[in-house]
file coords.txt (compact mmCIF, C-alpha atoms and all ligand atoms)
# COMPACT_ATOMS: atom_id res chain seq x y z
CA MET A 1 24.91 -35.35 19.12
CA TRP A 2 27.51 -33.05 17.60
CA ALA A 3 29.89 -35.95 17.04
CA SER A 4 27.34 -37.87 15.00
CA ALA A 5 26.46 -34.74 13.08
CA VAL A 6 30.13 -34.31 12.18
CA LEU A 7 30.33 -37.89 10.99
CA LEU A 8 27.29 -37.37 8.79
CA VAL A 9 28.86 -34.30 7.25
CA LEU A 10 32.00 -36.24 6.45
CA LEU A 11 30.19 -39.25 5.05
CA GLY A 12 27.75 -37.21 2.94
CA SER A 13 26.92 -39.29 -0.14
CA PHE A 14 27.66 -37.91 -3.55
CA GLY A 15 24.55 -38.25 -5.69
CA ALA A 16 25.42 -41.66 -7.10
CA ASN A 17 23.11 -41.59 -10.15
CA ALA A 18 24.10 -38.11 -11.13
CA LEU A 19 23.86 -36.51 -14.54
CA ASP A 20 27.09 -37.30 -16.27
CA ASN A 21 28.04 -34.41 -18.54
CA GLY A 22 31.31 -33.81 -16.74
CA LEU A 23 30.24 -30.32 -15.59
CA ALA A 24 29.81 -28.67 -12.19
CA ARG A 25 32.30 -30.96 -10.50
CA THR A 26 32.48 -28.13 -7.98
CA PRO A 27 29.75 -25.49 -7.54
CA PRO A 28 29.71 -23.26 -10.64
CA MET A 29 30.94 -19.68 -10.26
CA GLY A 30 30.02 -16.66 -12.32
CA TRP A 31 27.62 -13.79 -12.73
CA LEU A 32 23.87 -13.80 -13.40
CA ALA A 33 21.83 -10.77 -14.42
CA TRP A 34 18.46 -11.33 -12.76
CA GLU A 35 18.47 -10.09 -9.18
CA ARG A 36 20.22 -6.82 -10.02
CA PHE A 37 19.02 -6.02 -13.54
CA ARG A 38 15.64 -7.78 -13.70
CA CYS A 39 13.57 -7.25 -16.86
CA ASN A 40 14.82 -3.77 -17.59
CA VAL A 41 14.40 -3.60 -21.37
CA ASN A 42 14.24 0.17 -21.73
CA CYS A 43 17.60 0.88 -23.33
CA THR A 44 16.47 4.33 -24.41
CA ALA A 45 15.86 5.56 -20.90
CA ASP A 46 18.46 3.43 -19.16
CA PRO A 47 21.16 2.31 -21.62
CA LYS A 48 23.65 1.43 -18.89
CA ASN A 49 21.41 -1.00 -17.00
CA CYS A 50 19.07 -2.51 -19.57
CA VAL A 51 19.26 -6.19 -20.52
CA SER A 52 21.44 -5.92 -23.62
CA GLU A 53 24.59 -7.44 -25.06
CA LYS A 54 26.48 -4.37 -23.87
CA LEU A 55 25.63 -5.20 -20.25
CA PHE A 56 26.97 -8.75 -20.57
CA MET A 57 30.09 -7.61 -22.44
CA GLU A 58 30.83 -5.03 -19.77
CA MET A 59 30.41 -7.59 -17.00
CA ALA A 60 32.70 -9.98 -18.89
CA ASP A 61 35.33 -7.24 -19.10
CA ARG A 62 35.08 -6.60 -15.38
CA LEU A 63 35.30 -10.32 -14.57
CA VAL A 64 38.57 -10.50 -16.47
CA GLU A 65 40.13 -7.18 -15.53
CA ASP A 66 39.18 -7.05 -11.85
CA GLY A 67 40.41 -10.49 -10.82
CA TYR A 68 37.12 -12.41 -10.70
CA LYS A 69 38.03 -14.75 -13.54
CA ASP A 70 41.35 -15.57 -11.90
CA ALA A 71 39.47 -16.32 -8.69
CA GLY A 72 37.26 -18.85 -10.52
CA TYR A 73 34.17 -16.89 -11.67
CA GLU A 74 33.69 -18.03 -15.26
CA TYR A 75 30.02 -18.02 -16.32
CA VAL A 76 28.35 -14.86 -17.63
CA ASN A 77 24.64 -15.66 -17.50
CA ILE A 78 21.74 -14.03 -19.27
CA ASP A 79 18.38 -14.39 -17.50
CA ASP A 80 14.83 -13.58 -18.63
CA CYS A 81 13.85 -10.94 -21.25
CA TRP A 82 16.62 -11.46 -23.81
CA MET A 83 14.33 -12.79 -26.54
CA ALA A 84 12.39 -11.09 -29.28
CA LYS A 85 8.68 -11.18 -28.50
CA GLN A 86 8.07 -14.01 -30.95
CA ARG A 87 9.96 -16.85 -32.65
CA ASP A 88 11.29 -16.46 -36.22
CA ALA A 89 9.74 -17.95 -39.38
CA ASN A 90 11.42 -21.30 -38.63
CA ASN A 91 10.16 -21.28 -35.07
CA LYS A 92 13.61 -20.56 -33.69
CA LEU A 93 14.15 -18.30 -30.72
CA TYR A 94 16.19 -15.21 -31.42
CA ALA A 95 17.44 -12.33 -29.34
CA ASP A 96 15.79 -8.90 -29.40
CA PRO A 97 17.68 -7.36 -32.35
CA GLU A 98 17.86 -3.89 -30.88
CA ARG A 99 19.28 -4.91 -27.55
CA PHE A 100 21.43 -7.76 -28.90
CA PRO A 101 22.57 -6.58 -32.36
CA SER A 102 25.32 -9.24 -32.52
CA GLY A 103 22.84 -12.01 -31.69
CA ILE A 104 23.57 -14.57 -29.00
CA LYS A 105 26.19 -16.22 -31.22
CA GLY A 106 28.07 -12.95 -31.48
CA LEU A 107 27.84 -12.42 -27.74
CA ALA A 108 29.01 -16.00 -27.09
CA ASP A 109 32.04 -15.39 -29.33
CA TYR A 110 32.92 -12.29 -27.35
CA ILE A 111 32.50 -14.06 -24.00
CA HIS A 112 34.58 -17.01 -25.22
CA SER A 113 37.30 -14.69 -26.52
CA LYS A 114 37.72 -13.57 -22.91
CA GLY A 115 38.13 -17.16 -21.72
CA LEU A 116 34.69 -17.09 -20.10
CA LYS A 117 31.48 -19.08 -20.64
CA LEU A 118 27.99 -17.96 -21.57
CA GLY A 119 24.78 -18.98 -19.83
CA ILE A 120 21.27 -18.42 -21.15
CA TYR A 121 17.71 -18.69 -19.86
CA THR A 122 14.50 -20.29 -21.03
CA ALA A 123 11.44 -21.78 -19.37
CA TYR A 124 9.39 -24.94 -19.52
CA GLY A 125 5.91 -23.96 -20.66
CA ASN A 126 4.96 -21.53 -23.40
CA PHE A 127 6.19 -18.35 -21.79
CA THR A 128 8.98 -17.22 -19.52
CA CYS A 129 8.12 -15.77 -16.14
CA GLN A 130 8.09 -12.31 -17.74
CA GLY A 131 5.96 -13.39 -20.71
CA TYR A 132 8.61 -13.91 -23.40
CA PRO A 133 8.53 -16.98 -25.69
CA ALA A 134 9.74 -20.12 -23.93
CA SER A 135 10.62 -23.72 -24.74
CA GLY A 136 7.54 -25.77 -23.81
CA MET A 137 6.63 -26.89 -27.35
CA HIS A 138 10.15 -26.60 -28.74
CA LEU A 139 12.52 -28.30 -26.31
CA GLU A 140 14.54 -30.11 -28.97
CA LEU A 141 14.80 -27.16 -31.36
CA ASP A 142 15.82 -24.82 -28.55
CA ALA A 143 18.46 -27.23 -27.20
CA GLN A 144 19.93 -27.37 -30.72
CA THR A 145 19.76 -23.61 -31.12
CA PHE A 146 21.54 -22.98 -27.80
CA ALA A 147 24.26 -25.47 -28.75
CA GLU A 148 24.70 -23.86 -32.20
CA TRP A 149 25.15 -20.49 -30.59
CA GLY A 150 27.87 -21.85 -28.31
CA VAL A 151 25.95 -21.61 -25.04
CA ASP A 152 27.64 -23.26 -22.03
CA MET A 153 24.91 -23.19 -19.39
CA LEU A 154 21.12 -23.20 -19.49
CA LYS A 155 18.71 -22.16 -16.75
CA MET A 156 15.24 -23.55 -17.42
CA ASP A 157 12.57 -21.81 -15.38
CA GLY A 158 8.86 -22.68 -15.36
CA CYS A 159 6.48 -20.35 -13.57
CA LYS A 160 3.98 -20.19 -16.46
CA GLN A 161 3.74 -24.00 -16.71
CA MET A 162 0.70 -24.20 -14.50
CA ASP A 163 0.58 -27.99 -14.29
CA ARG A 164 3.68 -28.59 -12.17
CA HIS A 165 3.13 -32.35 -12.37
CA THR A 166 4.43 -32.32 -15.96
CA MET A 167 7.85 -31.05 -14.93
CA LYS A 168 9.23 -34.42 -13.90
CA LYS A 169 8.75 -35.44 -17.55
CA GLY A 170 9.58 -32.18 -19.28
CA TYR A 171 12.89 -31.41 -17.61
CA PRO A 172 14.36 -34.89 -18.30
CA GLN A 173 13.31 -34.46 -21.94
CA MET A 174 15.37 -31.30 -22.09
CA THR A 175 18.31 -33.13 -20.49
CA LYS A 176 18.07 -35.72 -23.27
CA TYR A 177 18.01 -33.05 -25.97
CA LEU A 178 20.91 -31.17 -24.43
CA ASN A 179 22.96 -34.38 -24.25
CA ALA A 180 22.08 -35.13 -27.88
CA THR A 181 23.63 -31.86 -29.05
CA GLY A 182 27.07 -33.17 -28.03
CA ARG A 183 27.90 -29.79 -26.49
CA PRO A 184 28.48 -29.86 -22.71
CA ILE A 185 25.84 -27.49 -21.37
CA LEU A 186 25.51 -27.10 -17.61
CA PHE A 187 21.82 -27.55 -16.81
CA SER A 188 20.23 -25.44 -14.08
CA CYS A 189 16.69 -26.55 -13.24
CA SER A 190 13.98 -24.65 -11.37
CA TRP A 191 11.78 -27.75 -11.29
CA PRO A 192 12.14 -28.72 -7.58
CA ASP A 193 11.22 -25.21 -6.47
CA TYR A 194 7.99 -25.34 -8.48
CA GLU A 195 7.14 -28.81 -7.16
CA ARG A 196 7.78 -27.57 -3.63
CA GLY A 197 5.52 -24.59 -4.21
CA ALA A 198 2.74 -26.87 -5.50
CA GLY A 199 3.12 -29.38 -2.66
CA ILE A 200 4.29 -32.14 -5.02
CA PRO A 201 6.82 -34.56 -3.47
CA ILE A 202 10.26 -33.95 -4.96
CA ASN A 203 12.20 -36.92 -6.26
CA TYR A 204 15.75 -35.64 -5.80
CA THR A 205 17.28 -38.78 -7.29
CA LEU A 206 15.53 -37.96 -10.55
CA VAL A 207 16.46 -34.29 -10.25
CA ALA A 208 20.16 -35.17 -9.78
CA GLU A 209 20.06 -37.56 -12.74
CA ASN A 210 18.92 -34.72 -14.95
CA CYS A 211 20.27 -31.44 -13.62
CA ASN A 212 23.66 -30.12 -12.54
CA ILE A 213 22.22 -27.49 -10.22
CA TRP A 214 18.67 -26.83 -9.15
CA ARG A 215 16.69 -24.21 -7.30
CA ASN A 216 14.92 -25.51 -4.20
CA TYR A 217 13.34 -22.39 -2.82
CA VAL A 218 11.94 -18.94 -3.56
CA ASP A 219 13.84 -16.15 -5.35
CA ILE A 220 16.42 -14.17 -3.46
CA GLN A 221 15.67 -10.46 -3.10
CA ASP A 222 18.02 -7.65 -2.16
CA SER A 223 17.55 -7.91 1.62
CA TRP A 224 19.08 -9.58 4.67
CA GLN A 225 15.64 -10.94 5.52
CA SER A 226 15.61 -12.79 2.23
CA VAL A 227 19.08 -14.27 2.89
CA LEU A 228 17.91 -15.40 6.35
CA SER A 229 14.75 -17.03 5.05
CA ILE A 230 16.80 -18.98 2.50
CA ILE A 231 19.26 -20.14 5.17
CA ASP A 232 16.29 -21.22 7.33
CA TYR A 233 14.93 -23.32 4.48
CA TYR A 234 18.24 -25.12 3.92
CA ALA A 235 18.58 -25.81 7.65
CA LYS A 236 15.05 -27.18 7.82
CA GLU A 237 15.52 -29.43 4.79
CA GLN A 238 19.16 -30.38 5.29
CA ASP A 239 18.59 -34.09 5.85
CA THR A 240 16.98 -34.27 2.41
CA LEU A 241 19.30 -31.86 0.61
CA VAL A 242 22.77 -32.81 1.88
CA PRO A 243 22.73 -36.38 0.51
CA VAL A 244 21.87 -35.30 -3.05
CA ALA A 245 24.70 -32.78 -3.36
CA GLY A 246 28.10 -33.82 -4.67
CA PRO A 247 30.41 -33.36 -7.66
CA GLY A 248 28.19 -32.75 -10.69
CA ASN A 249 25.10 -31.89 -8.65
CA PHE A 250 24.40 -29.01 -6.30
CA ASN A 251 21.44 -27.43 -4.54
CA ASP A 252 21.10 -23.78 -5.55
CA PRO A 253 19.98 -21.28 -2.89
CA ASP A 254 20.04 -18.57 -5.60
CA MET A 255 22.32 -15.63 -6.38
CA LEU A 256 24.88 -13.77 -4.29
CA ILE A 257 23.65 -10.23 -3.62
CA ILE A 258 26.99 -9.06 -2.26
CA GLY A 259 27.76 -5.50 -3.34
CA ASP A 260 24.12 -4.64 -4.05
CA PHE A 261 22.07 -2.12 -2.08
CA SER A 262 21.09 -3.83 1.13
CA LEU A 263 23.68 -6.08 2.77
CA SER A 264 26.16 -4.58 5.20
CA VAL A 265 29.77 -5.74 4.91
CA GLU A 266 29.27 -8.24 7.76
CA GLN A 267 26.04 -9.54 6.22
CA ALA A 268 27.84 -9.89 2.89
CA LYS A 269 30.57 -11.98 4.56
CA ALA A 270 27.82 -14.08 6.11
CA GLN A 271 26.17 -14.75 2.76
CA MET A 272 29.52 -15.67 1.20
CA ALA A 273 30.44 -17.96 4.11
CA MET A 274 27.07 -19.69 4.20
CA TRP A 275 27.00 -20.22 0.42
CA ALA A 276 30.47 -21.80 0.70
CA ILE A 277 29.34 -24.03 3.58
CA LEU A 278 26.26 -25.05 1.56
CA ALA A 279 28.38 -25.95 -1.49
CA ALA A 280 26.17 -23.53 -3.41
CA PRO A 281 26.79 -22.08 -6.86
CA LEU A 282 28.49 -18.69 -6.51
CA LEU A 283 26.59 -16.65 -9.08
CA MET A 284 26.90 -12.96 -8.30
CA SER A 285 24.08 -10.64 -9.29
CA ASN A 286 25.54 -7.21 -8.78
CA ASP A 287 27.04 -4.36 -10.76
CA LEU A 288 30.73 -5.17 -11.14
CA ARG A 289 31.28 -1.73 -12.74
CA THR A 290 30.48 0.13 -9.55
CA ILE A 291 31.01 -2.36 -6.69
CA THR A 292 33.13 -0.99 -3.85
CA PRO A 293 36.44 -2.61 -2.81
CA GLU A 294 35.24 -3.98 0.54
CA TYR A 295 32.53 -6.07 -1.18
CA ARG A 296 34.85 -7.06 -4.01
CA ASP A 297 37.38 -8.34 -1.46
CA ILE A 298 34.71 -10.61 0.06
CA LEU A 299 33.86 -12.05 -3.35
CA LEU A 300 37.54 -12.57 -4.13
CA ASN A 301 38.60 -14.01 -0.75
CA LYS A 302 40.54 -17.05 -1.87
CA ASP A 303 40.12 -18.99 1.38
CA VAL A 304 36.33 -18.84 1.31
CA ILE A 305 36.40 -19.75 -2.40
CA ALA A 306 38.63 -22.73 -1.55
CA ILE A 307 36.00 -23.94 0.91
CA SER A 308 33.25 -23.52 -1.70
CA GLN A 309 35.28 -25.28 -4.36
CA ASP A 310 36.61 -28.19 -2.32
CA ASN A 311 36.79 -31.15 -4.72
CA ALA A 312 34.85 -33.53 -2.50
CA GLY A 313 31.76 -31.34 -2.99
CA ILE A 314 30.29 -32.19 0.40
CA MET A 315 27.43 -29.91 1.39
CA GLY A 316 27.66 -28.64 4.97
CA LYS A 317 24.86 -28.38 7.49
CA ARG A 318 23.75 -26.79 10.70
CA VAL A 319 24.87 -28.84 13.68
CA LEU A 320 23.91 -26.52 16.51
CA GLN A 321 21.40 -23.79 17.09
CA ASN A 322 21.84 -22.32 20.51
CA PRO A 323 19.22 -20.32 22.36
CA ASP A 324 21.37 -17.18 22.16
CA GLY A 325 20.79 -16.98 18.41
CA ILE A 326 24.19 -18.41 17.51
CA GLU A 327 24.38 -21.26 15.04
CA PHE A 328 27.23 -23.56 14.23
CA TRP A 329 27.45 -24.79 10.64
CA LEU A 330 30.04 -27.31 9.52
CA ARG A 331 31.34 -28.51 6.17
CA GLY A 332 33.91 -31.24 5.60
CA ILE A 333 36.59 -30.10 3.12
CA PRO A 334 38.87 -33.13 2.96
CA LYS A 335 40.47 -32.42 -0.39
CA GLN A 336 41.99 -28.97 -0.06
CA GLN A 337 45.21 -29.22 -1.96
CA GLY A 338 48.35 -27.90 -0.35
CA THR A 339 46.79 -27.25 3.06
CA ASN A 340 45.97 -29.32 6.12
CA ARG A 341 42.44 -27.90 6.26
CA GLU A 342 39.75 -30.52 6.68
CA TRP A 343 36.76 -28.64 8.01
CA ALA A 344 35.15 -25.25 7.80
CA ILE A 345 32.99 -23.92 10.62
CA ALA A 346 30.73 -20.92 10.35
CA PHE A 347 29.64 -19.37 13.62
CA PHE A 348 26.55 -17.61 12.39
CA SER A 349 24.69 -14.99 14.41
CA ARG A 350 21.16 -13.64 14.13
CA ARG A 351 21.65 -11.32 17.07
CA LYS A 352 21.42 -7.56 17.03
CA GLU A 353 24.68 -7.09 18.93
CA ALA A 354 28.11 -8.73 18.89
CA LYS A 355 28.30 -11.93 20.90
CA SER A 356 31.26 -13.83 22.31
CA PHE A 357 31.10 -17.60 22.15
CA THR A 358 33.48 -19.89 24.03
CA SER A 359 34.06 -23.49 23.04
CA SER A 360 36.76 -26.02 22.18
CA PHE A 361 37.18 -28.32 19.19
CA LYS A 362 36.39 -31.19 21.54
CA ASP A 363 33.14 -29.54 22.62
CA LEU A 364 32.28 -28.99 18.99
CA GLY A 365 32.31 -32.75 18.47
CA LEU A 366 35.42 -32.94 16.32
CA PRO A 367 37.58 -36.07 16.65
CA ALA A 368 39.47 -34.76 19.64
CA ASP A 369 40.60 -38.11 21.03
CA LYS A 370 42.37 -39.06 17.80
CA VAL A 371 44.03 -35.73 17.18
CA GLU A 372 46.78 -34.06 19.16
CA GLY A 373 45.89 -30.59 18.11
CA PHE A 374 44.35 -28.37 15.49
CA ASP A 375 45.59 -25.57 13.30
CA ALA A 376 42.93 -22.96 12.64
CA TYR A 377 42.60 -19.97 10.37
CA ASP A 378 40.05 -17.16 10.46
CA VAL A 379 39.06 -16.70 6.82
CA PHE A 380 37.87 -13.08 6.80
CA SER A 381 40.23 -11.57 9.34
CA LYS A 382 43.07 -13.63 7.76
CA TYR A 383 44.34 -14.47 11.23
CA TYR A 384 46.10 -17.74 12.14
CA TRP A 385 45.16 -19.01 15.57
CA GLY A 386 48.18 -21.31 15.59
CA TYR A 387 48.31 -24.65 17.37
CA MET A 388 45.29 -25.48 19.57
CA PRO A 389 45.01 -28.59 21.74
CA PRO A 390 41.59 -30.23 21.20
CA ASP A 391 40.28 -29.34 24.63
CA ALA A 392 41.66 -25.78 24.78
CA ASN A 393 38.93 -23.20 25.02
CA PHE A 394 38.75 -20.47 22.43
CA THR A 395 36.47 -17.48 22.31
CA VAL A 396 35.17 -15.98 19.09
CA THR A 397 33.31 -12.72 18.83
CA ILE A 398 30.60 -13.00 16.23
CA PRO A 399 29.40 -9.77 14.65
CA PRO A 400 25.68 -8.97 14.82
CA ASN A 401 23.87 -10.54 11.85
CA GLY A 402 27.18 -11.90 10.71
CA VAL A 403 29.61 -14.75 10.70
CA ARG A 404 33.04 -15.93 11.76
CA LEU A 405 34.34 -18.48 9.31
CA ILE A 406 37.13 -20.75 10.50
CA ALA A 407 39.00 -23.28 8.34
CA PHE A 408 41.00 -25.84 10.26
CA GLY A 409 42.64 -29.25 10.29
CA GLN A 410 44.99 -31.42 12.29
CA ALA A 411 48.17 -29.66 13.29
CA GLU A 412 51.18 -31.05 11.43
C1 LIG A 501 11.77 -16.64 -11.74
C2 LIG A 501 13.13 -17.17 -11.32
C3 LIG A 501 14.11 -16.03 -11.18
C4 LIG A 501 14.21 -15.26 -12.49
C5 LIG A 501 12.83 -14.80 -12.92
C6 LIG A 501 12.86 -14.22 -14.31
O1 LIG A 501 11.18 -15.87 -10.73
O2 LIG A 501 13.06 -17.92 -10.14
O3 LIG A 501 15.40 -16.51 -10.80
O4 LIG A 501 14.79 -16.10 -13.46
O5 LIG A 501 11.88 -15.87 -12.92
O6 LIG A 501 11.61 -13.84 -14.75
call {"tool": "encode", "arguments": {"input": "coords.txt", "output": "structure tokens"}}
result
Amino acid sequence: MWASAVLLVLLGSFGANALDNGLARTPPMGWLAWERFRCNVNCTADPKNCVSEKLFMEMADRLVEDGYKDAGYEYVNIDDCWMAKQRDANNKLYADPERFPSGIKGLADYIHSKGLKLGIYTAYGNFTCQGYPASGMHLELDAQTFAEWGVDMLKMDGCKQMDRHTMKKGYPQMTKYLNATGRPILFSCSWPDYERGAGIPINYTLVAENCNIWRNYVDIQDSWQSVLSIIDYYAKEQDTLVPVAGPGNFNDPDMLIIGDFSLSVEQAKAQMAMWAILAAPLLMSNDLRTITPEYRDILLNKDVIAISQDNAGIMGKRVLQNPDGIEFWLRGIPKQQGTNREWAIAFFSRRKEAKSFTSSFKDLGLPADKVEGFDAYDVFSKYYWGYMPPDANFTVTIPPNGVRLIAFGQAE
């Protein structure tokens, strides 16, 4: 059973009819305001944390100066609550002038001057989830406006569009208008999540033709429980979700909450590892001005980022759930340049205490008969196991509510 699961991982198809704007060839990386900063618009009481151009400029500075940009994080994404409460006299959206005195164009220029990209947010339907003006009646005008401003990514939400059946028409219209602008704009769609919520069957072929990334499931919150419930959903739906992911198209389990208030260091490693295994966008929602070094190191770990960003874009899956509460997740990473790494395994634990797990590569269903031995590397402890014959037993100790992430390939 494991062997066939491994084969499936390696043969994962790549979303053949995918949207072709040349973007998201690997899962996008960056920063997104929502989970941490929400709809805090009170800049008088809370100038440091309100949704304002200053917040995005400060995050851009941190991305550049603290090594995130060099590690691959490039998008700085605005979420809900950036707009003025109404459109202008020409029906155009514009940013709240007090919180965004430079306008979105000015902010985009600043972000671009740092070598970064700017993402923005709208919704299908007349209002955003927080009640600000949205794009329902103005898809074409808004696509043009975003392109004029120099926007590089668009998240289109939709909670106030009560008839979810209209989304399979409305989102593709927006794709058409974005393409017509001539500006490559990475398109992030919330459409499948709303269809799921309404019990409407999701046509993932259509989703992949029209969106680069898409939300499948409920919003992440700042808790381990929330991370677990998201992982459960992706395990449950993996046979549907794995085949639609590939270069240009990725399932989006929502933001990284690493460095926020609730995850322990081990839980943070687990979120990072699982998001890499899932070929998920790595969009941090945290405060890069105050994050502590142990969380920053997790976000900047170049070996876990290399797994996430493997060019083949194959989404991994759960291949074993054992009764002890240990799971074994596997992703094929056949295109890691300059290494012999071909697979990543996450040993993922839901237990309340550390647990040792003994196995061999052969037992794990890897192609042991064709391979003389493996070379394995423990991504977070940065420890090389060295040469391992396929049938040699190894024991890993998995932290409680945590992960051991191993990257490995045939020994040379
Ligand atoms: C929805 C989305 C979130 C966020 C909020 C903003 O809940 O799923 O990611 O964008 O709206 O209001």
call {"tool": "closest_atom_pairs", "arguments": {"input": "coords.txt", "of": "stretch 233-274 of chain A", "to": "stretch 349-366 of chain A", "cutoff": "12 Å", "atoms": "all atoms listed in the file", "output": "JSON lines"}}
result
{"residue": "A:Glu266", "atom": "CA", "partner": "A:Ser349", "partner_atom": "CA", "distance": 10.5}
{"residue": "A:Gln267", "atom": "CA", "partner": "A:Ser349", "partner_atom": "CA", "distance": 9.9}
{"residue": "A:Lys269", "atom": "CA", "partner": "A:Ser349", "partner_atom": "CA", "distance": 11.9}
{"residue": "A:Ala270", "atom": "CA", "partner": "A:Ser349", "partner_atom": "CA", "distance": 8.9}
{"residue": "A:Gln271", "atom": "CA", "partner": "A:Ser349", "partner_atom": "CA", "distance": 11.7}
{"residue": "A:Met274", "atom": "CA", "partner": "A:Ser349", "partner_atom": "CA", "distance": 11.5}
call {"tool": "residues_near_ligand", "arguments": {"input": "coords.txt", "ligand": "ligand LIG 501 (chain A)", "cutoff": "9 Å", "atoms": "all atoms listed in the file", "output": "ChimeraX atom specification"}}
result
/A:33-35,38-39,79-81,121-123,128-131,155-159,190,193,215,217-220,254-255
call {"tool": "axis_aligned_box", "arguments": {"input": "coords.txt", "around": "stretch 399-402 of chain A", "padding_each_side": "5 Å", "output": "AutoDock Vina command-line options"}}
result
--center_x 26.6 --center_y -10.4 --center_z 12.8 --size_x 15.5 --size_y 12.9 --size_z 14.1
call {"tool": "closest_residue", "arguments": {"input": "coords.txt", "among": "A:Gly119, A:Gly248, A:Pro367, A:Gly136", "to": "A:Leu32", "atoms": "only C-alpha atoms"}}
result
A:Gly119
call {"tool": "atom_distance", "arguments": {"input": "coords.txt", "atom1": "atom CA of A:Val51", "atom2": "atom CA of A:Glu98"}}
result
10.7 Å
call {"tool": "residues_around", "arguments": {"input": "coords.txt", "residues": "A:Arg87", "least_positions_apart": "5", "cutoff": "10 Å", "atoms": "only C-alpha atoms", "output": "JSON, numbers by chain"}}
result
{"A": [92, 93, 94, 95, 132, 133, 134]}
call {"tool": "write_last_selection", "arguments": {"input": "coords.txt", "atoms": "C-alpha atoms", "output": "PDB file, in the frame of the given file"}}
result
ATOM      1  CA  LYS A  92      13.610 -20.560 -33.690  1.00  0.00           C
ATOM      2  CA  LEU A  93      14.150 -18.300 -30.720  1.00  0.00           C
ATOM      3  CA  TYR A  94      16.190 -15.210 -31.420  1.00  0.00           C
ATOM      4  CA  ALA A  95      17.440 -12.330 -29.340  1.00  0.00           C
ATOM      5  CA  TYR A 132       8.610 -13.910 -23.400  1.00  0.00           C
ATOM      6  CA  PRO A 133       8.530 -16.980 -25.690  1.00  0.00           C
ATOM      7  CA  ALA A 134       9.740 -20.120 -23.930  1.00  0.00           C
TER       8      ALA A 134
END
call {"tool": "residues_around", "arguments": {"input": "coords.txt", "residues": "A:Leu55", "least_positions_apart": "5", "cutoff": "12 Å", "atoms": "only C-alpha atoms", "output": "ChimeraX atom specification"}}
result
/A:31-33,36-37,40-41,43,46-50,60-62,76-78,82,99-100,107,111,286-289
call {"tool": "write_last_selection", "arguments": {"input": "coords.txt", "atoms": "C-alpha atoms", "output": "mmCIF file, in the frame of the given file"}}
result
data_model
loop_
_atom_site.group_PDB
_atom_site.id
_atom_site.type_symbol
_atom_site.label_atom_id
_atom_site.label_comp_id
_atom_site.auth_asym_id
_atom_site.auth_seq_id
_atom_site.Cartn_x
_atom_site.Cartn_y
_atom_site.Cartn_z
ATOM 1 C CA TRP A 31 27.620 -13.790 -12.730
ATOM 2 C CA LEU A 32 23.870 -13.800 -13.400
ATOM 3 C CA ALA A 33 21.830 -10.770 -14.420
ATOM 4 C CA ARG A 36 20.220 -6.820 -10.020
ATOM 5 C CA PHE A 37 19.020 -6.020 -13.540
ATOM 6 C CA ASN A 40 14.820 -3.770 -17.590
ATOM 7 C CA VAL A 41 14.400 -3.600 -21.370
ATOM 8 C CA CYS A 43 17.600 0.880 -23.330
ATOM 9 C CA ASP A 46 18.460 3.430 -19.160
ATOM 10 C CA PRO A 47 21.160 2.310 -21.620
ATOM 11 C CA LYS A 48 23.650 1.430 -18.890
ATOM 12 C CA ASN A 49 21.410 -1.000 -17.000
ATOM 13 C CA CYS A 50 19.070 -2.510 -19.570
ATOM 14 C CA ALA A 60 32.700 -9.980 -18.890
ATOM 15 C CA ASP A 61 35.330 -7.240 -19.100
ATOM 16 C CA ARG A 62 35.080 -6.600 -15.380
ATOM 17 C CA VAL A 76 28.350 -14.860 -17.630
ATOM 18 C CA ASN A 77 24.640 -15.660 -17.500
ATOM 19 C CA ILE A 78 21.740 -14.030 -19.270
ATOM 20 C CA TRP A 82 16.620 -11.460 -23.810
ATOM 21 C CA ARG A 99 19.280 -4.910 -27.550
ATOM 22 C CA PHE A 100 21.430 -7.760 -28.900
ATOM 23 C CA LEU A 107 27.840 -12.420 -27.740
ATOM 24 C CA ILE A 111 32.500 -14.060 -24.000
ATOM 25 C CA ASN A 286 25.540 -7.210 -8.780
ATOM 26 C CA ASP A 287 27.040 -4.360 -10.760
ATOM 27 C CA LEU A 288 30.730 -5.170 -11.140
ATOM 28 C CA ARG A 289 31.280 -1.730 -12.740
#
call {"tool": "atom_distance", "arguments": {"input": "coords.txt", "atom1": "atom CA of A:Ala108", "atom2": "atom CA of A:Ile120"}}
result
10.1 Å
call {"tool": "closest_residue", "arguments": {"input": "coords.txt", "among": "A:Asp96, A:Val227, A:Lys168, A:Glu327", "to": "A:Asn42", "atoms": "all atoms listed in the file"}}
result
A:Asp96
call {"tool": "closest_residue", "arguments": {"input": "coords.txt", "among": "A:His165, A:Lys370, A:Arg404, A:Lys117", "to": "A:Lys69", "atoms": "all atoms listed in the file"}}
result
A:Lys117
call {"tool": "closest_residue", "arguments": {"input": "coords.txt", "among": "A:Leu141, A:Lys236, A:Asp252, A:Ala180", "to": "A:Pro192", "atoms": "only C-alpha atoms"}}
result
A:Asp252
call {"tool": "atom_distance", "arguments": {"input": "coords.txt", "atom1": "atom CA of A:Pro201", "atom2": "atom CA of A:Pro253"}}
result
18.7 Å
call {"tool": "closest_residue", "arguments": {"input": "coords.txt", "among": "A:Asn91, A:Asn401, A:Asn126, A:Asn203", "to": "A:Trp224", "atoms": "only C-alpha atoms"}}
result
A:Asn401
call {"tool": "residues_around", "arguments": {"input": "coords.txt", "residues": "A:Ile277", "least_positions_apart": "3", "cutoff": "12 Å", "atoms": "all atoms listed in the file", "output": "number ranges by chain"}}
result
A: 9, 27, 231, 234-235, 242, 251, 253, 270-274, 280-282, 304-310, 313-318, 328-333, 343-348, 403, 405-407
